[in-house]
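Inspection log for the structure reproduced underneath, given as structure tokens.
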Amino acid sequence: MEKSSRIALVLGAGSARGYAHIGVLQVLEENSIPFHFIVGSSMGAMVGGIYAAGTNLKLLEKMICQMNTDIFYDIRIPRLGFMAGRRITYLLELLTKKKTFADLNLPFYAVATDLISGGRIVLEEGSVAEAIRASISIPGIFTPVRKEGMVLVDGAVSDRLPVDVAREKGADIVIAVDVTFGPDRQVEIRNALDVIVVSLDIMQKYHFDLTASQADIILQPKVGSFSSRDFDQADKIIALGREEAEAKLEEIKKVVGV
């Protein structure tokens, strides 16, 4: 790696399985693996944005493992979504310290999808909490975020592993973390959330196959036995993220030149 090379960390979508991103980040940080910016989609945007805001990863892990996530589900009479999203917005503002993109410790880009244009939207200005809230807004579950004439929903609809966004933003080297399409993937359908999330997975499989090959390193934590709603299994999922990063550590060091 040349000293001028720009390294991007791309964190993909995956609902509860996205907690594995925390474990990956912990290992990269502990081993001084450099990266110059983060691109995140859906749960990857949530973890990436919170990290870029300066939140300590160990404290984040403790909080998530002890938190009852049910308290953030403000279920309402459906109009544009079953959940209004006000409580999760409050949590995101707390974890990002109400920072704007300009205030972040590390450049960060959040991927969402505009229902009006049908296109992928890369959010990089304004409130970080609002951008994350847009990127995690699973269609039909969370009320979309309206912004500048757009109606924004989950980044997974248009790009669940935005490697090409990292390239567009100037990355010479891309480390990507996929928590959806690993070889251990299992599918379990029990409720409406599973139906929606698995449908998004199927829609994105072809695009994923094309974009994943553009990454220099791809990490796929073995989280396939967990469902999209296993938020109460955070400790196990984070541990699997650590396990995958540690297994690929020498390969990562070689690619980035440390």
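As shown in the structure tokens, the chain order sets the letters A, B, ...; within each chain, residues go from 1, and ligands are also counted from 1 in the order they appear.
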
Task: Residue list (helix (DSSP H, G or I), DSSP) for region 51-148 of chain A, as number ranges by chain - done: A: 51-52, 57-66, 69-72, 86-95, 101-103, 128-135

TODO: Name the residues in contact with Gly224 (chain A) at a cut-off of 10 Å, using only C-alpha atoms, excluding same-chain residues fewer than 5 positions from it; report them as a PyMOL selection string.
DONE: chain A and resi 17+179-187+237

Since we have the selection now, will you write its residues out, keeping all heavy atoms, as a PDB file, in the first residue's frame?
ATOM      1  N   ARG A  17     -28.145  -8.957  12.902  1.00  0.00           N
ATOM      2  CA  ARG A  17     -26.846  -9.521  12.551  1.00  0.00           C
ATOM      3  C   ARG A  17     -25.779  -8.438  12.380  1.00  0.00           C
ATOM      4  O   ARG A  17     -24.584  -8.717  12.450  1.00  0.00           O
ATOM      5  CB  ARG A  17     -26.962 -10.362  11.271  1.00  0.00           C
ATOM      6  CG  ARG A  17     -27.848 -11.590  11.431  1.00  0.00           C
ATOM      7  CD  ARG A  17     -27.816 -12.455  10.192  1.00  0.00           C
ATOM      8  NE  ARG A  17     -28.343 -11.767   9.020  1.00  0.00           N
ATOM      9  CZ  ARG A  17     -29.617 -11.785   8.643  1.00  0.00           C
ATOM     10  NH1 ARG A  17     -30.502 -12.460   9.359  1.00  0.00           N
ATOM     11  NH2 ARG A  17     -30.009 -11.141   7.576  1.00  0.00           N
ATOM     12  N   VAL A 179     -22.950  -9.190   6.487  1.00  0.00           N
ATOM     13  CA  VAL A 179     -23.553 -10.006   7.547  1.00  0.00           C
ATOM     14  C   VAL A 179     -24.836 -10.697   7.080  1.00  0.00           C
ATOM     15  O   VAL A 179     -25.647 -11.128   7.888  1.00  0.00           O
ATOM     16  CB  VAL A 179     -23.841  -9.148   8.809  1.00  0.00           C
ATOM     17  CG1 VAL A 179     -22.543  -8.681   9.438  1.00  0.00           C
ATOM     18  CG2 VAL A 179     -24.730  -7.950   8.478  1.00  0.00           C
ATOM     19  N   THR A 180     -24.984 -10.829   5.754  1.00  0.00           N
ATOM     20  CA  THR A 180     -26.213 -11.399   5.213  1.00  0.00           C
ATOM     21  C   THR A 180     -25.987 -12.648   4.374  1.00  0.00           C
ATOM     22  O   THR A 180     -26.698 -13.639   4.517  1.00  0.00           O
ATOM     23  CB  THR A 180     -26.962 -10.359   4.347  1.00  0.00           C
ATOM     24  OG1 THR A 180     -27.313  -9.254   5.164  1.00  0.00           O
ATOM     25  CG2 THR A 180     -28.231 -10.955   3.753  1.00  0.00           C
ATOM     26  N   PHE A 181     -25.003 -12.626   3.496  1.00  0.00           N
ATOM     27  CA  PHE A 181     -24.893 -13.685   2.493  1.00  0.00           C
ATOM     28  C   PHE A 181     -23.748 -14.657   2.737  1.00  0.00           C
ATOM     29  O   PHE A 181     -23.229 -15.258   1.808  1.00  0.00           O
ATOM     30  CB  PHE A 181     -24.756 -13.059   1.102  1.00  0.00           C
ATOM     31  CG  PHE A 181     -25.982 -12.314   0.659  1.00  0.00           C
ATOM     32  CD1 PHE A 181     -25.936 -10.946   0.457  1.00  0.00           C
ATOM     33  CD2 PHE A 181     -27.172 -12.976   0.470  1.00  0.00           C
ATOM     34  CE1 PHE A 181     -27.072 -10.249   0.050  1.00  0.00           C
ATOM     35  CE2 PHE A 181     -28.310 -12.293   0.065  1.00  0.00           C
ATOM     36  CZ  PHE A 181     -28.266 -10.921  -0.142  1.00  0.00           C
ATOM     37  N   GLY A 182     -23.326 -14.813   3.979  1.00  0.00           N
ATOM     38  CA  GLY A 182     -22.256 -15.749   4.299  1.00  0.00           C
ATOM     39  C   GLY A 182     -22.669 -17.188   4.029  1.00  0.00           C
ATOM     40  O   GLY A 182     -23.862 -17.505   3.882  1.00  0.00           O
ATOM     41  N   PRO A 183     -21.697 -18.108   3.929  1.00  0.00           N
ATOM     42  CA  PRO A 183     -21.992 -19.508   3.600  1.00  0.00           C
ATOM     43  C   PRO A 183     -22.849 -20.233   4.633  1.00  0.00           C
ATOM     44  O   PRO A 183     -23.440 -21.265   4.349  1.00  0.00           O
ATOM     45  CB  PRO A 183     -20.599 -20.144   3.512  1.00  0.00           C
ATOM     46  CG  PRO A 183     -19.704 -19.239   4.305  1.00  0.00           C
ATOM     47  CD  PRO A 183     -20.254 -17.873   4.111  1.00  0.00           C
ATOM     48  N   ASP A 184     -22.948 -19.678   5.854  1.00  0.00           N
ATOM     49  CA  ASP A 184     -23.738 -20.337   6.904  1.00  0.00           C
ATOM     50  C   ASP A 184     -25.162 -19.805   6.976  1.00  0.00           C
ATOM     51  O   ASP A 184     -25.896 -20.110   7.906  1.00  0.00           O
ATOM     52  CB  ASP A 184     -23.047 -20.137   8.257  1.00  0.00           C
ATOM     53  CG  ASP A 184     -23.003 -18.668   8.667  1.00  0.00           C
ATOM     54  OD1 ASP A 184     -22.928 -17.795   7.767  1.00  0.00           O
ATOM     55  OD2 ASP A 184     -23.067 -18.380   9.876  1.00  0.00           O
ATOM     56  N   ARG A 185     -25.570 -19.032   5.983  1.00  0.00           N
ATOM     57  CA  ARG A 185     -26.868 -18.365   6.026  1.00  0.00           C
ATOM     58  C   ARG A 185     -28.022 -19.361   6.127  1.00  0.00           C
ATOM     59  O   ARG A 185     -28.102 -20.330   5.393  1.00  0.00           O
ATOM     60  CB  ARG A 185     -27.051 -17.512   4.770  1.00  0.00           C
ATOM     61  CG  ARG A 185     -28.376 -16.748   4.705  1.00  0.00           C
ATOM     62  CD  ARG A 185     -28.389 -15.810   3.503  1.00  0.00           C
ATOM     63  NE  ARG A 185     -29.594 -15.008   3.482  1.00  0.00           N
ATOM     64  CZ  ARG A 185     -30.659 -15.285   2.727  1.00  0.00           C
ATOM     65  NH1 ARG A 185     -30.653 -16.353   1.946  1.00  0.00           N
ATOM     66  NH2 ARG A 185     -31.713 -14.509   2.747  1.00  0.00           N
ATOM     67  N   GLN A 186     -28.925 -19.073   7.082  1.00  0.00           N
ATOM     68  CA  GLN A 186     -30.145 -19.863   7.241  1.00  0.00           C
ATOM     69  C   GLN A 186     -31.338 -18.914   7.182  1.00  0.00           C
ATOM     70  O   GLN A 186     -31.242 -17.747   7.573  1.00  0.00           O
ATOM     71  CB  GLN A 186     -30.134 -20.593   8.586  1.00  0.00           C
ATOM     72  CG  GLN A 186     -28.984 -21.577   8.734  1.00  0.00           C
ATOM     73  CD  GLN A 186     -28.958 -22.211  10.107  1.00  0.00           C
ATOM     74  OE1 GLN A 186     -29.986 -22.349  10.756  1.00  0.00           O
ATOM     75  NE2 GLN A 186     -27.768 -22.584  10.568  1.00  0.00           N
ATOM     76  N   VAL A 187     -32.434 -19.400   6.690  1.00  0.00           N
ATOM     77  CA  VAL A 187     -33.634 -18.565   6.549  1.00  0.00           C
ATOM     78  C   VAL A 187     -34.739 -19.120   7.437  1.00  0.00           C
ATOM     79  O   VAL A 187     -35.040 -20.316   7.400  1.00  0.00           O
ATOM     80  CB  VAL A 187     -34.117 -18.523   5.088  1.00  0.00           C
ATOM     81  CG1 VAL A 187     -35.416 -17.736   4.983  1.00  0.00           C
ATOM     82  CG2 VAL A 187     -33.049 -17.905   4.192  1.00  0.00           C
ATOM     83  N   ILE A 237     -23.461 -12.240  18.778  1.00  0.00           N
ATOM     84  CA  ILE A 237     -23.249 -11.726  17.420  1.00  0.00           C
ATOM     85  C   ILE A 237     -21.982 -10.864  17.360  1.00  0.00           C
ATOM     86  O   ILE A 237     -21.187 -10.970  16.421  1.00  0.00           O
ATOM     87  CB  ILE A 237     -24.488 -10.932  16.957  1.00  0.00           C
ATOM     88  CG1 ILE A 237     -25.696 -11.876  16.868  1.00  0.00           C
ATOM     89  CG2 ILE A 237     -24.230 -10.266  15.612  1.00  0.00           C
ATOM     90  CD1 ILE A 237     -27.017 -11.167  16.616  1.00  0.00           C
TER      91      ILE A 237
END

- [ ] Find, counting only C-alpha atoms, the residue in A:Ser42, A:Asn191, A:Gln66, A:Thr143 that gets nearest to Val122 (chain A).
- [x]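 Going through A:Ser42, A:Asn191, A:Gln66, A:Thr143 one by one, the smallest distance to Val122 (chain A) is for A:Ser42.
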
Open item on the list: List the spatial neighbours of Lys97 (chain A) as a ChimeraX atom specification - criterion: any atom at most 9 Å away, only C-alpha atoms, same-chain residues fewer than 6 positions off excluded.
Closed with: /A:50,53-55,129

Emit the selected residues as an mmCIF file, in the first residue's frame, including all heavy atoms.
data_model
loop_
_atom_site.group_PDB
_atom_site.id
_atom_site.type_symbol
_atom_site.label_atom_id
_atom_site.label_comp_id
_atom_site.auth_asym_id
_atom_site.auth_seq_id
_atom_site.Cartn_x
_atom_site.Cartn_y
_atom_site.Cartn_z
ATOM 1 N N ILE A 50 -22.424 5.814 14.599
ATOM 2 C CA ILE A 50 -22.189 5.947 16.043
ATOM 3 C C ILE A 50 -20.691 5.918 16.331
ATOM 4 O O ILE A 50 -20.183 6.700 17.145
ATOM 5 C CB ILE A 50 -22.933 4.833 16.810
ATOM 6 C CG1 ILE A 50 -24.443 5.054 16.724
ATOM 7 C CG2 ILE A 50 -22.479 4.787 18.265
ATOM 8 C CD1 ILE A 50 -25.262 3.886 17.234
ATOM 9 N N ALA A 53 -18.979 9.102 15.360
ATOM 10 C CA ALA A 53 -19.296 10.200 16.279
ATOM 11 C C ALA A 53 -18.423 10.171 17.521
ATOM 12 O O ALA A 53 -18.464 11.087 18.342
ATOM 13 C CB ALA A 53 -20.770 10.143 16.671
ATOM 14 N N GLY A 54 -17.626 9.106 17.689
ATOM 15 C CA GLY A 54 -16.686 9.045 18.803
ATOM 16 C C GLY A 54 -17.116 8.179 19.967
ATOM 17 O O GLY A 54 -16.497 8.208 21.033
ATOM 18 N N THR A 55 -18.162 7.372 19.781
ATOM 19 C CA THR A 55 -18.623 6.507 20.869
ATOM 20 C C THR A 55 -17.627 5.374 21.114
ATOM 21 O O THR A 55 -17.166 4.735 20.173
ATOM 22 C CB THR A 55 -20.000 5.915 20.526
ATOM 23 O OG1 THR A 55 -20.945 6.981 20.405
ATOM 24 C CG2 THR A 55 -20.480 4.969 21.625
ATOM 25 N N ALA A 129 -27.874 11.547 13.126
ATOM 26 C CA ALA A 129 -28.965 10.720 13.655
ATOM 27 C C ALA A 129 -30.092 10.589 12.630
ATOM 28 O O ALA A 129 -30.640 9.496 12.433
ATOM 29 C CB ALA A 129 -29.495 11.316 14.952
#

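Distances to Ile38 (chain A) were evaluated for A:Ala20, A:Ile175, A:Leu115, A:Val157 using only C-alpha atoms, and the minimum falls at A:Ile175.
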